[in-house]
>>> print(open('entry26.txt').read())   # compact mmCIF, C-alpha atoms and all ligand atoms
# COMPACT_ATOMS: atom_id res chain seq x y z
CA MET A 16 17.11 -23.82 -23.32
CA SER A 17 15.54 -20.42 -22.62
CA ARG A 18 12.54 -20.33 -20.29
CA LEU A 19 11.52 -16.99 -21.78
CA LEU A 20 8.38 -16.93 -23.87
CA TYR A 21 9.29 -13.68 -25.64
CA ASP A 22 12.24 -11.66 -26.87
CA GLU A 23 12.70 -8.12 -28.25
CA SER A 24 11.16 -9.12 -31.57
CA ASN A 25 7.80 -10.36 -30.25
CA LEU A 26 7.50 -8.80 -26.79
CA PRO A 27 3.81 -7.93 -26.27
CA ASP A 28 2.40 -5.46 -23.78
CA ILE A 29 2.95 -7.32 -20.47
CA ASP A 30 -0.33 -5.97 -19.10
CA THR A 31 -2.22 -8.13 -21.58
CA LEU A 32 -0.55 -11.37 -20.41
CA VAL A 33 -1.31 -13.76 -17.57
CA ALA A 34 1.38 -15.64 -15.66
CA LYS A 35 1.33 -19.42 -15.93
CA ASN A 36 -0.61 -21.07 -13.09
CA TYR A 37 1.05 -24.36 -12.12
CA ASP A 38 -1.87 -25.56 -9.93
CA ASN A 39 -3.11 -28.20 -12.33
CA VAL A 40 0.11 -28.93 -14.22
CA ASN A 41 1.71 -32.37 -13.87
CA PRO A 42 4.93 -31.67 -11.85
CA ASP A 43 6.82 -34.24 -13.96
CA GLU A 44 6.36 -31.97 -16.96
CA VAL A 45 7.75 -28.92 -15.15
CA GLN A 46 11.44 -28.07 -15.29
CA PRO A 47 12.96 -28.31 -11.77
CA ILE A 48 14.87 -25.48 -10.11
CA ARG A 49 18.63 -25.63 -9.46
CA LYS A 50 19.67 -22.00 -9.04
CA ILE A 51 17.59 -19.24 -7.54
CA GLY A 52 17.97 -15.52 -7.01
CA VAL A 53 16.66 -13.53 -4.07
CA LEU A 54 16.10 -9.77 -3.88
CA THR A 55 14.42 -7.15 -1.73
CA SER A 56 12.54 -4.33 -3.42
CA GLY A 57 10.58 -1.15 -2.65
CA GLY A 58 10.67 0.38 0.83
CA ASP A 59 12.74 -1.69 3.26
CA ALA A 60 11.02 -3.39 6.18
CA PRO A 61 12.41 -4.87 9.40
CA GLY A 62 12.55 -8.64 8.87
CA MET A 63 13.79 -8.51 5.28
CA ASN A 64 17.19 -9.82 6.42
CA ALA A 65 15.44 -12.70 8.17
CA THR A 66 13.59 -13.42 4.92
CA ILE A 67 16.81 -13.50 2.87
CA ARG A 68 18.52 -15.68 5.49
CA ALA A 69 15.64 -18.17 5.43
CA VAL A 70 15.59 -18.35 1.63
CA VAL A 71 19.37 -18.83 1.54
CA ARG A 72 19.53 -21.46 4.28
CA ALA A 73 16.42 -23.44 3.35
CA GLY A 74 17.37 -23.12 -0.33
CA ILE A 75 20.89 -24.44 0.16
CA ASN A 76 19.57 -27.21 2.42
CA ALA A 77 17.23 -28.17 -0.42
CA GLY A 78 20.17 -28.46 -2.82
CA PHE A 79 19.78 -25.13 -4.64
CA GLU A 80 22.50 -22.61 -5.36
CA VAL A 81 21.29 -19.23 -4.09
CA TYR A 82 22.28 -15.87 -5.58
CA GLY A 83 21.72 -12.49 -3.98
CA VAL A 84 20.64 -9.62 -6.21
CA THR A 85 21.51 -6.20 -4.79
CA ARG A 86 19.34 -3.05 -5.11
CA GLY A 87 16.14 -4.86 -6.06
CA PHE A 88 14.99 -4.99 -9.69
CA HIS A 89 17.40 -2.18 -10.46
CA GLY A 90 20.32 -4.46 -9.58
CA LEU A 91 18.71 -7.34 -11.45
CA TRP A 92 18.74 -5.74 -14.87
CA LYS A 93 22.20 -4.33 -14.18
CA GLY A 94 23.51 -7.79 -13.27
CA GLU A 95 24.42 -7.06 -9.62
CA ILE A 96 24.21 -10.74 -8.78
CA SER A 97 26.51 -12.97 -6.71
CA GLN A 98 26.32 -16.30 -4.96
CA ILE A 99 25.44 -16.34 -1.24
CA THR A 100 26.60 -19.00 1.20
CA VAL A 101 25.13 -20.17 4.48
CA ARG A 102 27.85 -18.23 6.33
CA ASP A 103 27.10 -15.00 4.44
CA VAL A 104 23.76 -14.74 6.24
CA SER A 105 25.14 -15.25 9.75
CA GLU A 106 24.33 -12.42 12.15
CA THR A 107 21.66 -10.97 9.87
CA LEU A 108 18.50 -12.30 11.53
CA GLN A 109 18.36 -9.59 14.19
CA ARG A 110 19.35 -6.68 11.97
CA GLY A 111 16.96 -4.10 10.53
CA GLY A 112 17.11 -2.93 6.91
CA THR A 113 18.20 -5.30 4.15
CA PHE A 114 21.81 -6.22 3.55
CA LEU A 115 20.98 -6.81 -0.14
CA MET A 116 19.80 -3.20 -0.24
CA THR A 117 16.69 -2.10 -2.03
CA ALA A 118 15.45 0.38 -4.63
CA ARG A 119 12.35 1.51 -6.47
CA SER A 120 13.18 0.79 -10.11
CA LYS A 121 11.48 2.93 -12.78
CA THR A 122 13.08 0.87 -15.57
CA PHE A 123 11.34 -2.23 -14.29
CA THR A 124 7.93 -0.69 -14.85
CA THR A 125 8.57 -0.89 -18.62
CA LYS A 126 8.36 -4.10 -20.63
CA GLU A 127 11.86 -3.52 -22.00
CA GLY A 128 13.17 -3.24 -18.42
CA VAL A 129 11.46 -6.49 -17.41
CA LEU A 130 12.96 -8.27 -20.42
CA LYS A 131 16.40 -6.95 -19.46
CA GLY A 132 15.92 -8.39 -15.96
CA ALA A 133 14.80 -11.74 -17.33
CA ARG A 134 17.77 -11.81 -19.72
CA MET A 135 20.12 -11.15 -16.79
CA MET A 136 18.56 -14.10 -14.96
CA GLU A 137 19.48 -16.19 -18.00
CA VAL A 138 23.03 -14.84 -18.00
CA TYR A 139 23.37 -16.04 -14.39
CA ASP A 140 21.43 -19.22 -15.11
CA LEU A 141 18.82 -18.42 -12.47
CA ASP A 142 15.78 -20.68 -12.78
CA ALA A 143 13.59 -18.68 -10.40
CA LEU A 144 13.53 -15.47 -8.38
CA VAL A 145 12.28 -14.88 -4.84
CA VAL A 146 11.12 -11.28 -4.35
CA SER A 147 10.50 -9.69 -0.96
CA GLY A 148 8.58 -6.41 -1.06
CA GLY A 149 5.20 -4.74 -1.28
CA ASP A 150 2.58 -4.48 -4.02
CA GLY A 151 4.85 -2.60 -6.46
CA SER A 152 7.51 -5.29 -6.07
CA PHE A 153 4.92 -8.01 -6.61
CA LYS A 154 3.94 -6.30 -9.87
CA GLY A 155 7.59 -6.48 -10.98
CA ALA A 156 7.68 -10.17 -10.04
CA ARG A 157 4.42 -10.79 -11.88
CA ALA A 158 5.82 -9.14 -15.01
CA LEU A 159 8.75 -11.56 -14.93
CA ALA A 160 6.35 -14.47 -14.42
CA ARG A 161 4.26 -13.29 -17.37
CA ILE A 162 7.19 -13.51 -19.75
CA GLY A 163 8.15 -16.95 -18.50
CA MET A 164 10.43 -16.58 -15.44
CA PRO A 165 9.21 -18.49 -12.37
CA VAL A 166 8.87 -16.27 -9.30
CA ILE A 167 7.83 -16.39 -5.67
CA GLY A 168 6.78 -13.26 -3.73
CA ILE A 169 7.14 -12.77 0.02
CA PRO A 170 5.26 -9.78 1.51
CA GLY A 171 7.69 -7.33 3.12
CA THR A 172 6.29 -3.88 3.91
CA ILE A 173 5.51 -2.01 7.11
CA ASP A 174 2.15 -0.91 5.64
CA ASN A 175 0.32 -4.28 5.90
CA ASP A 176 -1.61 -3.17 2.81
CA ILE A 177 -1.36 -6.29 0.61
CA GLY A 178 -4.85 -7.63 -0.06
CA CYS A 179 -4.15 -11.36 -0.18
CA THR A 180 -2.31 -11.65 3.14
CA ASP A 181 -3.40 -10.90 6.69
CA TYR A 182 0.16 -9.92 7.60
CA THR A 183 3.21 -8.35 5.96
CA ILE A 184 6.75 -8.63 7.35
CA GLY A 185 7.84 -5.43 9.11
CA TYR A 186 4.39 -4.31 10.25
CA ASP A 187 4.76 -5.41 13.87
CA THR A 188 8.20 -3.84 14.31
CA ALA A 189 7.06 -0.56 12.75
CA MET A 190 4.03 -0.39 15.03
CA ASN A 191 6.13 -1.09 18.12
CA THR A 192 8.63 1.59 17.08
CA ALA A 193 5.81 4.10 16.57
CA MET A 194 4.19 3.12 19.87
CA GLU A 195 7.41 3.67 21.82
CA ALA A 196 7.95 7.06 20.17
CA ILE A 197 4.35 8.14 20.90
CA ASP A 198 4.67 7.09 24.56
CA LYS A 199 7.56 9.55 24.77
CA LEU A 200 5.58 12.27 23.02
CA ARG A 201 2.76 11.70 25.51
CA ASP A 202 5.13 12.51 28.40
CA THR A 203 6.00 15.92 27.00
CA ALA A 204 2.45 16.64 25.78
CA SER A 205 1.27 15.93 29.30
CA SER A 206 3.87 18.19 30.96
CA HIS A 207 2.90 21.08 28.66
CA GLU A 208 -0.85 20.31 28.49
CA ARG A 209 -0.58 20.16 24.73
CA CYS A 210 -2.15 18.28 21.88
CA SER A 211 0.35 16.08 20.08
CA VAL A 212 -0.54 15.35 16.45
CA ILE A 213 1.48 12.42 15.13
CA GLU A 214 1.72 11.39 11.51
CA VAL A 215 2.50 7.72 10.93
CA MET A 216 3.39 5.91 7.71
CA GLY A 217 1.17 3.52 5.79
CA ARG A 218 0.98 5.06 2.32
CA ARG A 219 -2.75 4.91 1.45
CA ALA A 220 -3.61 2.50 4.28
CA GLY A 221 -4.47 3.12 7.92
CA TYR A 222 -3.43 -0.17 9.54
CA ILE A 223 -0.43 1.27 11.40
CA ALA A 224 -2.40 4.35 12.50
CA LEU A 225 -5.38 2.40 13.81
CA ASN A 226 -3.46 -0.13 15.87
CA VAL A 227 -0.88 2.31 17.15
CA GLY A 228 -3.74 4.67 18.07
CA ILE A 229 -5.40 1.92 20.11
CA ALA A 230 -2.11 0.94 21.75
CA THR A 231 -1.29 4.51 22.78
CA GLY A 232 -4.80 5.50 23.89
CA ALA A 233 -5.16 8.22 21.25
CA GLU A 234 -8.12 10.61 21.48
CA CYS A 235 -8.53 10.65 17.68
CA ILE A 236 -7.33 8.29 14.94
CA LEU A 237 -7.65 9.52 11.36
CA ILE A 238 -7.27 6.92 8.62
CA PRO A 239 -7.96 7.09 4.87
CA GLU A 240 -10.40 4.16 4.92
CA ILE A 241 -12.97 6.03 7.01
CA GLU A 242 -14.36 9.47 6.25
CA TYR A 243 -14.28 11.80 9.20
CA ASP A 244 -15.90 15.08 10.13
CA PHE A 245 -13.21 17.40 11.48
CA ASN A 246 -15.53 19.38 13.78
CA ARG A 247 -17.28 16.35 15.21
CA ASP A 248 -14.49 13.78 15.30
CA VAL A 249 -11.53 15.97 16.18
CA ILE A 250 -12.50 19.37 17.63
CA ARG A 251 -15.53 18.16 19.57
CA THR A 252 -13.68 15.08 20.89
CA ILE A 253 -10.80 17.22 22.15
CA LEU A 254 -13.08 19.83 23.73
CA ASP A 255 -15.27 17.18 25.37
CA GLY A 256 -12.08 15.66 26.77
CA ARG A 257 -10.92 19.01 28.11
CA ASN A 258 -14.31 19.65 29.69
CA LYS A 259 -14.02 16.32 31.50
CA GLY A 260 -10.60 17.26 32.84
CA LYS A 261 -8.18 15.91 30.23
CA ARG A 262 -4.92 17.84 30.09
CA HIS A 263 -3.24 16.43 27.01
CA TYR A 264 -4.38 14.87 23.76
CA ILE A 265 -2.94 12.44 21.25
CA VAL A 266 -4.15 12.59 17.63
CA ILE A 267 -2.83 9.95 15.24
CA VAL A 268 -2.93 10.80 11.53
CA ALA A 269 -2.24 8.21 8.85
CA GLU A 270 -0.06 9.81 6.16
CA GLY A 271 -2.76 8.97 3.58
CA VAL A 272 -5.15 11.39 5.32
CA GLY A 273 -3.05 14.53 5.24
CA SER A 274 -0.36 16.43 7.02
CA ALA A 275 0.07 16.47 10.79
CA SER A 276 1.24 20.10 10.56
CA ASP A 277 -1.98 21.28 8.91
CA ILE A 278 -4.12 19.34 11.35
CA ALA A 279 -2.19 20.60 14.40
CA LYS A 280 -2.56 24.18 13.15
CA LYS A 281 -6.33 23.81 12.75
CA ILE A 282 -6.71 22.21 16.19
CA GLU A 283 -4.80 25.05 17.84
CA GLU A 284 -6.79 27.70 15.96
CA GLN A 285 -10.16 26.18 16.82
CA THR A 286 -9.57 25.01 20.41
CA GLY A 287 -6.90 27.36 21.67
CA ILE A 288 -4.99 24.30 22.89
CA GLU A 289 -1.30 24.43 22.02
CA SER A 290 -0.69 21.73 19.42
CA ARG A 291 2.53 20.27 18.04
CA PRO A 292 2.95 18.08 14.96
CA THR A 293 5.44 15.19 14.77
CA ILE A 294 6.13 13.17 11.64
CA LEU A 295 7.58 9.82 12.67
CA GLY A 296 8.66 9.15 9.07
CA HIS A 297 11.43 6.69 8.24
CA LEU A 298 12.16 6.06 11.89
CA GLN A 299 9.34 3.52 11.61
CA ARG A 300 11.18 1.51 8.96
CA GLY A 301 14.36 0.90 10.96
CA GLY A 302 15.35 -1.15 13.95
CA SER A 303 15.79 -4.74 14.97
CA PRO A 304 12.76 -6.84 13.94
CA THR A 305 10.40 -8.11 16.63
CA LEU A 306 9.90 -11.80 17.32
CA ARG A 307 6.72 -11.68 15.20
CA ASP A 308 8.63 -10.35 12.20
CA ARG A 309 11.62 -12.67 12.59
CA THR A 310 9.50 -15.81 12.85
CA THR A 311 7.06 -14.84 10.09
CA ALA A 312 9.94 -13.90 7.76
CA SER A 313 11.77 -17.14 8.53
CA LEU A 314 8.73 -19.36 8.03
CA MET A 315 7.64 -17.55 4.87
CA GLY A 316 11.17 -17.98 3.47
CA VAL A 317 11.03 -21.72 4.15
CA HIS A 318 7.57 -21.90 2.58
CA ALA A 319 8.90 -20.17 -0.55
CA ILE A 320 11.51 -22.91 -0.91
CA ASP A 321 8.82 -25.58 -0.39
CA CYS A 322 6.85 -24.09 -3.30
CA LEU A 323 9.95 -24.23 -5.52
CA LEU A 324 10.68 -27.84 -4.49
CA GLU A 325 7.09 -28.82 -5.24
CA LYS A 326 7.31 -27.03 -8.62
CA ARG A 327 4.49 -24.69 -7.66
CA TYR A 328 5.84 -21.51 -9.20
CA ASN A 329 4.41 -17.99 -9.51
CA ARG A 330 3.06 -17.96 -5.96
CA LEU A 331 2.77 -15.31 -3.27
CA ILE A 332 3.48 -16.50 0.25
CA ILE A 333 0.74 -15.30 2.58
CA GLU A 334 -0.58 -15.59 6.10
CA LYS A 335 -4.25 -16.52 6.39
CA ASP A 336 -5.99 -17.11 9.71
CA GLY A 337 -2.65 -17.57 11.45
CA LYS A 338 -1.32 -20.10 8.92
CA ILE A 339 1.41 -19.58 6.33
CA THR A 340 0.26 -20.69 2.92
CA ASP A 341 0.48 -19.50 -0.72
CA ILE A 342 -1.68 -18.19 -3.53
CA ASP A 343 -1.37 -17.76 -7.31
CA ILE A 344 0.37 -14.45 -8.07
CA GLU A 345 -2.30 -13.21 -10.52
CA GLU A 346 -5.09 -13.94 -8.07
CA GLY A 347 -3.23 -12.60 -5.04
CA ILE A 348 -2.22 -9.27 -6.58
CA ASN A 349 -5.82 -8.47 -7.51
CA MET A 350 -7.18 -8.97 -4.00
CA LYS A 351 -8.10 -5.95 -1.90
CA LYS A 352 -8.50 -5.59 1.82
CA THR A 353 -9.90 -2.90 4.01
CA ILE A 354 -10.31 -2.08 7.66
CA PRO A 355 -13.69 -3.19 9.03
CA ALA A 356 -15.82 -0.27 10.26
CA GLU A 357 -16.30 -2.04 13.60
CA ASP A 358 -12.54 -1.81 14.28
CA ILE A 359 -12.82 1.97 14.04
CA GLU A 360 -15.92 1.98 16.23
CA ASN A 361 -14.12 -0.10 18.85
CA ALA A 362 -11.19 2.33 18.79
CA LYS A 363 -13.62 5.25 19.37
CA ARG A 364 -15.15 3.47 22.38
CA LEU A 365 -11.73 3.53 24.03
CA SER A 366 -11.08 7.25 23.71
O1 LIG A 401 5.65 1.39 1.73
C1 LIG A 401 6.44 1.67 2.83
C2 LIG A 401 6.55 3.15 3.03
O2 LIG A 401 7.35 3.39 4.18
C3 LIG A 401 5.23 3.90 3.16
O3 LIG A 401 4.64 3.79 4.44
C4 LIG A 401 5.63 5.31 2.79
O4 LIG A 401 4.54 6.02 2.24
C5 LIG A 401 6.69 5.09 1.74
O5 LIG A 401 7.18 3.76 1.93
C6 LIG A 401 7.85 6.06 1.81
O6 LIG A 401 8.70 5.79 0.75
P1 LIG A 401 10.17 6.38 0.58
O7 LIG A 401 11.08 5.57 1.46
O8 LIG A 401 10.46 6.18 -0.86
O9 LIG A 401 10.12 7.80 1.03
>>> encode(input="entry26.txt", output="structure tokens")
Amino acid sequence: MSRLLYDESNLPDIDTLVAKNYDNVNPDEVQPIRKIGVLTSGGDAPGMNATIRAVVRAGINAGFEVYGVTRGFHGLWKGEISQITVRDVSETLQRGGTFLMTARSKTFTTKEGVLKGARMMEVYDLDALVVSGGDGSFKGARALARIGMPVIGIPGTIDNDIGCTDYTIGYDTAMNTAMEAIDKLRDTASSHERCSVIEVMGRRAGYIALNVGIATGAECILIPEIEYDFNRDVIRTILDGRNKGKRHYIVIVAEGVGSASDIAKKIEEQTGIESRPTILGHLQRGGSPTLRDRTTASLMGVHAIDCLLEKRYNRLIIEKDGKITDIDIEEGINMKKTIPAEDIENAKRLS
């Protein structure tokens, strides 16, 4: 029997629907799960392999058959689906990237694309799908949930910008990678008495920039969440530093603020201090995941399987106050988070 609530003939606009919330539903009346799919979607993040491994191992241990979907939602609607065994995920825990590969699927942002994906889940007899990715991926998962396919989302993005969770898998590794690169840039900035302007990723969020800026002792940290005055917060800070004897300067720019090249040019023009821009770019997305990312990914994967076993579908797995838990997908997606102003103030007190 099809789990789908709609087909081509009566498919409404998915934006007007709400996914079923299983919180108060009697579990005896809910169809159990036997076969699940797992995919990674959006920008890759270190720890995604650990997530897949956990879903596969805990899933098989729970009695499920687990299927890997390659290339995210793109591979789902194209039917790139095959069974994964416990052995298939050996030697993946410590590897960066995602062995299932990932994509940003335009088709899946349309209701017809979502229906195609759901239909392909039926072709492969998948009762539920576990999706690892960021907010765009969660929207794809929610669309499937809204037309009747049970889903579980696991936050995987270096940006840490998902409102409902304190932590997203990949964030710690990306920050450590950026920190190590900036330490190296500091050496050369110091030798040449230069200002090094470093652009870090984060899309519209400044979490990476703020913490990496604190960890590398940056003079200025520019993030989209906090308005800044270029003369006061950048030029004056650098000149005050020079007047106190500083010989090199680190400026961290979150990509959501603007371009490191433009900022470096303006600093050089206004201070006369030689300035060089560096865009760390995709370097921050690669590499072997840190302990933090491996353990969080593994425990979130296990928690996803617990939700499926307990017939609590359409959940996002989150970390709250140091504990791994879950939240309804509709509720979780709508939550926002921002950087507290005092965190910025504290960073300034260290410069
Ligand atoms: O969301 C992760 C992220 O790395 C962002 O920090 C960045 O803005 C974006 O993805 C880059 O995307 P792409 O890999 O498509 O260039």
>>> closest_residue(input="entry26.txt", among="A:Leu306, A:Leu91, A:Ile213, A:Ala143", to="Pro47 in chain A", atoms="only C-alpha atoms")
A:Ala143
>>> closest_residue(input="entry26.txt", among="A:Ala356, A:Ile267, A:Ile344, A:Ile320", to="Ile75 in chain A", atoms="all atoms listed in the file")
A:Ile320
>>> residues_around(input="entry26.txt", residues="Leu20 in chain A", least_positions_apart="5", cutoff="9 Å", atoms="all atoms listed in the file", output="PyMOL selection string")
chain A and resi 26+161-164
>>> write_last_selection(input="entry26.txt", atoms="C-alpha atoms", output="PDB file, in the coordinates of the input")
ATOM      1  CA  LEU A  26       7.500  -8.800 -26.790  1.00  0.00           C
ATOM      2  CA  ARG A 161       4.260 -13.290 -17.370  1.00  0.00           C
ATOM      3  CA  ILE A 162       7.190 -13.510 -19.750  1.00  0.00           C
ATOM      4  CA  GLY A 163       8.150 -16.950 -18.500  1.00  0.00           C
ATOM      5  CA  MET A 164      10.430 -16.580 -15.440  1.00  0.00           C
TER       6      MET A 164
END
>>> residues_around(input="entry26.txt", residues="Glu289 in chain A", least_positions_apart="5", cutoff="8 Å", atoms="all atoms listed in the file", output="MDAnalysis selection string")
chainID A and resid 208:210 283
>>> write_last_selection(input="entry26.txt", atoms="C-alpha atoms", output="CSV table (one decimal), in the coordinates of the input")
chain,number,residue,atom,x,y,z
A,208,GLU,CA,-0.8,20.3,28.5
A,209,ARG,CA,-0.6,20.2,24.7
A,210,CYS,CA,-2.2,18.3,21.9
A,283,GLU,CA,-4.8,25.0,17.8
>>> residues_near_ligand(input="entry26.txt", ligand="ligand LIG 401 (chain A)", cutoff="7 Å", atoms="all atoms listed in the file", output="list in words")
Gly58, Gly149, Thr172, Ile173, Asp174, Met216, Gly217, Arg218, His297 and Arg300 of chain A
>>> closest_residue(input="entry26.txt", among="A:Ile197, A:Ala269, A:Ile250, A:Val70", to="Ala220 in chain A", atoms="only C-alpha atoms")
A:Ala269
>>> atom_distance(input="entry26.txt", atom1="CA of Arg157 in chain A", atom2="CA of Gly185 in chain A")
21.9 Å
>>> atom_distance(input="entry26.txt", atom1="CA of Tyr82 in chain A", atom2="CA of Ile51 in chain A")
6.1 Å
>>> residues_around(input="entry26.txt", residues="Tyr21 in chain A", least_positions_apart="4", cutoff="12 Å", atoms="all atoms listed in the file", output="PDB file with C-alpha atoms, keeping the file's coordinate frame")
ATOM      1  CA  SER A  17      15.540 -20.420 -22.620  1.00  0.00           C
ATOM      2  CA  ASN A  25       7.800 -10.360 -30.250  1.00  0.00           C
ATOM      3  CA  LEU A  26       7.500  -8.800 -26.790  1.00  0.00           C
ATOM      4  CA  PRO A  27       3.810  -7.930 -26.270  1.00  0.00           C
ATOM      5  CA  ASP A  28       2.400  -5.460 -23.780  1.00  0.00           C
ATOM      6  CA  ILE A  29       2.950  -7.320 -20.470  1.00  0.00           C
ATOM      7  CA  LEU A  32      -0.550 -11.370 -20.410  1.00  0.00           C
ATOM      8  CA  LYS A 126       8.360  -4.100 -20.630  1.00  0.00           C
ATOM      9  CA  GLU A 127      11.860  -3.520 -22.000  1.00  0.00           C
ATOM     10  CA  VAL A 129      11.460  -6.490 -17.410  1.00  0.00           C
ATOM     11  CA  LEU A 130      12.960  -8.270 -20.420  1.00  0.00           C
ATOM     12  CA  LYS A 131      16.400  -6.950 -19.460  1.00  0.00           C
ATOM     13  CA  ALA A 133      14.800 -11.740 -17.330  1.00  0.00           C
ATOM     14  CA  ARG A 134      17.770 -11.810 -19.720  1.00  0.00           C
ATOM     15  CA  LEU A 159       8.750 -11.560 -14.930  1.00  0.00           C
ATOM     16  CA  ALA A 160       6.350 -14.470 -14.420  1.00  0.00           C
ATOM     17  CA  ARG A 161       4.260 -13.290 -17.370  1.00  0.00           C
ATOM     18  CA  ILE A 162       7.190 -13.510 -19.750  1.00  0.00           C
ATOM     19  CA  GLY A 163       8.150 -16.950 -18.500  1.00  0.00           C
ATOM     20  CA  MET A 164      10.430 -16.580 -15.440  1.00  0.00           C
TER      21      MET A 164
END
>>> closest_residue(input="entry26.txt", among="A:Gly62, A:Gly168, A:Gly256, A:Pro42", to="Gln109 in chain A", atoms="all atoms listed in the file")
A:Gly62
>>> closest_residue(input="entry26.txt", among="A:Val215, A:Cys322, A:Leu115, A:Leu314", to="Gly271 in chain A", atoms="all atoms listed in the file")
A:Val215
>>> closest_residue(input="entry26.txt", among="A:Val166, A:Glu44, A:Val272, A:Ala60", to="Gly111 in chain A", atoms="all atoms listed in the file")
A:Ala60
>>> axis_aligned_box(input="entry26.txt", around="range 271-274 of chain A", padding_each_side="3 Å", output="JSON")
{"center_x": -2.8, "center_y": 12.7, "center_z": 5.3, "size_x": 10.8, "size_y": 13.5, "size_z": 9.4}
>>> residues_around(input="entry26.txt", residues="Gly151 in chain A", least_positions_apart="5", cutoff="9 Å", atoms="all atoms listed in the file", output="list in words")
Ser56, Gly57, Arg119 and Ala156 of chain A
>>> write_last_selection(input="entry26.txt", atoms="C-alpha atoms", output="PDB file, keeping the file's coordinate frame")
ATOM      1  CA  SER A  56      12.540  -4.330  -3.420  1.00  0.00           C
ATOM      2  CA  GLY A  57      10.580  -1.150  -2.650  1.00  0.00           C
ATOM      3  CA  ARG A 119      12.350   1.510  -6.470  1.00  0.00           C
ATOM      4  CA  ALA A 156       7.680 -10.170 -10.040  1.00  0.00           C
TER       5      ALA A 156
END
>>> residues_near_point(input="entry26.txt", point="(10.5, -4.8, 10.5)", cutoff="12 Å", atoms="only C-alpha atoms", output="count of residues only")
50
>>> decode(input="entry26.txt", residues="range 18-22 of chain A", atoms="all heavy atoms", output="CSV table (one decimal), in the first residue's frame")
chain,number,residue,atom,x,y,z
A,18,ARG,N,2.3,4.8,0.8
A,18,ARG,CA,2.3,5.8,1.9
A,18,ARG,C,2.0,7.2,1.4
A,18,ARG,O,1.7,8.1,2.2
A,18,ARG,CB,3.7,5.8,2.6
A,18,ARG,CG,4.0,4.7,3.5
A,18,ARG,CD,5.4,4.9,4.0
A,18,ARG,NE,6.0,3.7,4.7
A,18,ARG,CZ,5.9,3.5,6.0
A,18,ARG,NH1,5.4,4.4,6.8
A,18,ARG,NH2,6.4,2.4,6.5
A,19,LEU,N,2.1,7.4,0.1
A,19,LEU,CA,1.9,8.7,-0.4
A,19,LEU,C,0.5,9.2,-0.3
A,19,LEU,O,-0.5,8.5,-0.6
A,19,LEU,CB,2.4,8.8,-1.8
A,19,LEU,CG,3.9,8.6,-2.1
A,19,LEU,CD1,4.2,8.8,-3.5
A,19,LEU,CD2,4.7,9.5,-1.2
A,20,LEU,N,0.4,10.5,0.1
A,20,LEU,CA,-1.0,11.1,0.3
A,20,LEU,C,-1.5,11.7,-1.0
A,20,LEU,O,-2.6,12.0,-1.1
A,20,LEU,CB,-0.9,12.2,1.4
A,20,LEU,CG,-0.3,11.7,2.7
A,20,LEU,CD1,-0.1,12.9,3.6
A,20,LEU,CD2,-1.2,10.7,3.4
A,21,TYR,N,-0.5,11.9,-2.0
A,21,TYR,CA,-0.9,12.6,-3.2
A,21,TYR,C,-0.3,11.9,-4.4
A,21,TYR,O,0.7,11.2,-4.3
A,21,TYR,CB,-0.5,14.0,-3.2
A,21,TYR,CG,-0.9,14.8,-2.0
A,21,TYR,CD1,-0.1,14.9,-0.9
A,21,TYR,CD2,-2.2,15.3,-1.9
A,21,TYR,CE1,-0.5,15.6,0.3
A,21,TYR,CE2,-2.6,15.9,-0.8
A,21,TYR,CZ,-1.8,16.1,0.3
A,21,TYR,OH,-2.2,16.7,1.4
A,22,ASP,N,-0.9,12.1,-5.6
A,22,ASP,CA,-0.2,11.7,-6.8
A,22,ASP,C,-0.3,12.9,-7.8
A,22,ASP,O,-0.8,14.0,-7.4
A,22,ASP,CB,-0.7,10.4,-7.4
A,22,ASP,CG,-2.2,10.5,-7.7
A,22,ASP,OD1,-2.7,11.6,-8.0
A,22,ASP,OD2,-2.9,9.5,-7.7
